[in-house]
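Undergrad: Before we start, here is the structure in question, set down as structure tokens.
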Amino acid sequence: MRYTGRQSPGTRQVLDNKTRKNVSKQRTDDPAALRSIFGRNLRLLSAQYPSVAGLCRELGINRTQFNRYLSGESFPRPDVLHQICQFFDADARILLEPVEELRPNAHDLLNHPFLQGFFGAAPTSVPEDTFPDGFYSFVRRSFIDDDRFVLGLVHVKRDAGYTFLRGYEPRGAMQNQGLSTASQSREFRGLIMRQEEGVMAIVTHRNSLACSFNFLTPETSFQSNIWEGYATRTVREKVTGRRAARMVYEHLGHDLGRARDVSRKAGLVTLEHVPPFHARLLRLDENFR
């Protein structure tokens with residue numbers, strides 16, 4: 001067999017693993033190697049910005065010192081490192097590991113490099129004192145029938161740094177539209193994200209067959225467990241009915257008794273079944289704008 005000078009994929013993988021092991025060993029033992037890794041990572045992270053000077057202005061870091069970081073000549077102080085990590089939505093492992101290994105998994109869409117700084121950890125991190133876990137009742141005017149109101153129940157929970165919403169469309173609302181009332185068809189789920197004045201939720205049914213955008217902001221009176229806002233549905237303009245309606249959420253906490261009570265009442269209801277305070281917040285005599 002003639003030697004071609006090429007390595008098989010398996011050989012390349014073995015060599016790559018050996019290289020990584022050697023680099024890992026150097027990371028904690030050799031300050032020069034640590035500076036080199038950090039400098040390389042910083043160059044990769046900075047590559048998406050057209051101007052180093054502009055980037056330094058955004059970071060609030062002296063350009064000469066920043067160039068020293070890029071070249072691997074020095075480390076940042078802990079406070080400056082924190083500043084850099086916050087800006088690039090990274091963590092302190094950029095001192096120790098190649099940035100490619102720190103990238104989120106490909107399936108983590110909101111942390112995709114293209115969306116960095118627009119989605120990612122900042123807007124998806126919703127503090128619990130801003131929008132707590134637990135059950136919520138909600139009410140809004142029906143998109144289809146102006147004389148009816150949708151009364152429903154959702155559950156909010158946190159998992160892996162995200163805040164999720166889950167609920168079921170009332171059977172009556174599905175029947176009125178000639179849709180299946182099976183639980184699988186009625187279920188909807190959503191992702192909640194932080195906004196400047198409240199929270200937003202992108203909510204969808206299975207396979208994204210029907211979606212809505214919700215915005216909620218805390219009600220400003222003594223009712224600290226009430227949020228008001230609106231819901232919009234993703235339908236074309238010519239479809240009969242409303243595409244947007246005001247909405248009110250009430251936090252029930254983890255009280256299963258209250259949640260069951262709302263669940264029993266859930267559905268398409270008339271105005272007399274809407275709590276008076278909620279009806280006032282819906283401002284039924286004003287057009288939505």
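All residue names refer to the structure tokens as shown: chains lettered A, B, ... in order, residues numbered from 1 in each chain, ligands numbered from 1 in order.
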Find the residues near range 275-285 of chain A: any atom within 8 Å, counting only C-alpha atoms, skip ones fewer than 4 places away on the same chain, and give them as an MDAnalysis selection string.

TA: chainID A and resid 139:140 228 246:248 271

Undergrad: Got a sec: who's within 6 Å of Ser137 in chain A, counting only C-alpha atoms, leaving out chain neighbours fewer than 4 positions off, as number ranges by chain?

TA: A: 152-153, 249-250

Undergrad: Determine which residues of range 57-237 of chain A receive a DSSP assignment of strand (DSSP E), computed from the backbone, and state them as JSON, numbers by chain.

TA: {"A": [134, 135, 136, 137, 138, 139, 140, 141, 149, 150, 151, 152, 153, 154, 155, 156, 157, 158, 159, 162, 163, 164, 165, 166, 167, 168, 187, 188, 189, 190, 191, 192, 193, 194, 195, 198, 199, 200, 201, 202, 203, 204, 205, 211, 212, 213, 214, 215, 216, 217, 218, 226, 227, 228, 229, 230, 231, 232, 233]}

Undergrad: With DSSP run on the backbone, what are the helix (DSSP H, G or I) residues within range 52-238 of chain A? I'd like them as a PyMOL selection string.

TA: chain A and resi 52-59+63-70+78-88+92-95+99-102+109-111+113-115+121-124+171-176+183-186+206-208

Undergrad: If you keep C-alpha atoms, can you produce a file of those selected residues as a PDB file, in the first residue's frame?

TA:
ATOM      1  CA  VAL A  52     -12.314  47.388  17.125  1.00  0.00           C
ATOM      2  CA  ALA A  53     -12.460  51.045  18.171  1.00  0.00           C
ATOM      3  CA  GLY A  54     -16.267  50.966  18.136  1.00  0.00           C
ATOM      4  CA  LEU A  55     -16.294  47.705  20.072  1.00  0.00           C
ATOM      5  CA  CYS A  56     -13.973  49.186  22.705  1.00  0.00           C
ATOM      6  CA  ARG A  57     -16.290  52.166  23.066  1.00  0.00           C
ATOM      7  CA  GLU A  58     -19.277  49.853  23.599  1.00  0.00           C
ATOM      8  CA  LEU A  59     -17.321  47.794  26.108  1.00  0.00           C
ATOM      9  CA  ARG A  63      -8.254  50.146  23.090  1.00  0.00           C
ATOM     10  CA  THR A  64      -4.562  49.696  23.887  1.00  0.00           C
ATOM     11  CA  GLN A  65      -5.394  47.396  26.787  1.00  0.00           C
ATOM     12  CA  PHE A  66      -7.963  45.546  24.666  1.00  0.00           C
ATOM     13  CA  ASN A  67      -5.300  44.927  22.009  1.00  0.00           C
ATOM     14  CA  ARG A  68      -3.101  43.409  24.721  1.00  0.00           C
ATOM     15  CA  TYR A  69      -5.924  40.988  25.550  1.00  0.00           C
ATOM     16  CA  LEU A  70      -6.339  40.142  21.860  1.00  0.00           C
ATOM     17  CA  PRO A  78     -11.937  40.200  37.388  1.00  0.00           C
ATOM     18  CA  ASP A  79     -14.292  43.189  37.021  1.00  0.00           C
ATOM     19  CA  VAL A  80     -13.234  43.726  33.384  1.00  0.00           C
ATOM     20  CA  LEU A  81     -13.567  39.996  32.670  1.00  0.00           C
ATOM     21  CA  HIS A  82     -17.109  40.111  34.054  1.00  0.00           C
ATOM     22  CA  GLN A  83     -17.830  43.101  31.810  1.00  0.00           C
ATOM     23  CA  ILE A  84     -16.531  41.229  28.735  1.00  0.00           C
ATOM     24  CA  CYS A  85     -18.486  38.076  29.593  1.00  0.00           C
ATOM     25  CA  GLN A  86     -21.704  40.052  30.088  1.00  0.00           C
ATOM     26  CA  PHE A  87     -21.248  41.858  26.770  1.00  0.00           C
ATOM     27  CA  PHE A  88     -20.622  38.694  24.734  1.00  0.00           C
ATOM     28  CA  ALA A  92     -15.486  32.897  32.555  1.00  0.00           C
ATOM     29  CA  ARG A  93     -14.556  29.625  30.843  1.00  0.00           C
ATOM     30  CA  ILE A  94     -13.366  31.782  27.922  1.00  0.00           C
ATOM     31  CA  LEU A  95     -10.117  31.891  29.908  1.00  0.00           C
ATOM     32  CA  VAL A  99     -14.868  29.439  22.427  1.00  0.00           C
ATOM     33  CA  GLU A 100     -16.243  26.822  19.983  1.00  0.00           C
ATOM     34  CA  GLU A 101     -16.688  24.458  22.924  1.00  0.00           C
ATOM     35  CA  LEU A 102     -18.638  27.113  24.804  1.00  0.00           C
ATOM     36  CA  LEU A 109     -32.095  28.731  18.671  1.00  0.00           C
ATOM     37  CA  LEU A 110     -32.377  31.720  21.003  1.00  0.00           C
ATOM     38  CA  ASN A 111     -28.630  31.533  21.715  1.00  0.00           C
ATOM     39  CA  PRO A 113     -24.680  33.582  17.288  1.00  0.00           C
ATOM     40  CA  PHE A 114     -26.814  35.506  14.777  1.00  0.00           C
ATOM     41  CA  LEU A 115     -29.264  36.439  17.563  1.00  0.00           C
ATOM     42  CA  ALA A 121     -29.802  34.893  28.214  1.00  0.00           C
ATOM     43  CA  ALA A 122     -30.817  38.503  28.929  1.00  0.00           C
ATOM     44  CA  PRO A 123     -34.419  38.685  27.628  1.00  0.00           C
ATOM     45  CA  THR A 124     -35.186  35.029  28.367  1.00  0.00           C
ATOM     46  CA  ARG A 171     -63.784  23.211  24.511  1.00  0.00           C
ATOM     47  CA  GLY A 172     -66.570  25.653  23.704  1.00  0.00           C
ATOM     48  CA  ALA A 173     -64.186  28.020  21.908  1.00  0.00           C
ATOM     49  CA  MET A 174     -62.889  25.128  19.787  1.00  0.00           C
ATOM     50  CA  GLN A 175     -66.389  23.874  19.004  1.00  0.00           C
ATOM     51  CA  ASN A 176     -67.503  27.334  17.853  1.00  0.00           C
ATOM     52  CA  SER A 183     -56.827  17.534  24.453  1.00  0.00           C
ATOM     53  CA  GLN A 184     -53.900  17.296  22.018  1.00  0.00           C
ATOM     54  CA  SER A 185     -55.565  19.852  19.713  1.00  0.00           C
ATOM     55  CA  ARG A 186     -56.560  22.139  22.586  1.00  0.00           C
ATOM     56  CA  ARG A 206     -48.910  21.830  18.424  1.00  0.00           C
ATOM     57  CA  ASN A 207     -46.986  22.030  15.127  1.00  0.00           C
ATOM     58  CA  SER A 208     -47.474  25.829  15.147  1.00  0.00           C
TER      59      SER A 208
END

Undergrad: Do a neighbour search on Gly167 in chain A at 8 Å with only C-alpha atoms, toss out local chain neighbours closer than 4 positions, and write the hits as a list of chain:residue names.

TA: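 The contact residues come out as A:Leu153, A:Val154, A:His155, A:Glu187, A:Phe188, A:Arg189.
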
Undergrad: Could you jot down the CA of Thr220 in chain A to CA of Ile192 in chain A separation for me, Å, one decimal place?

TA: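 Atom-to-atom, CA of Thr220 in chain A to CA of Ile192 in chain A, that is 20.7 Å.
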
Undergrad: Any idea what the distance is between CA of Thr204 in chain A and CA of Gly257 in chain A?

TA: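 Distance reported for this atom pair: 27.0 Å.
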
Undergrad: Given the choices A:Arg289, A:Arg158, A:Arg148, A:Arg166, which gets closest to Gly229 in chain A if the distance is worked out from only C-alpha atoms?

TA: A:Arg289
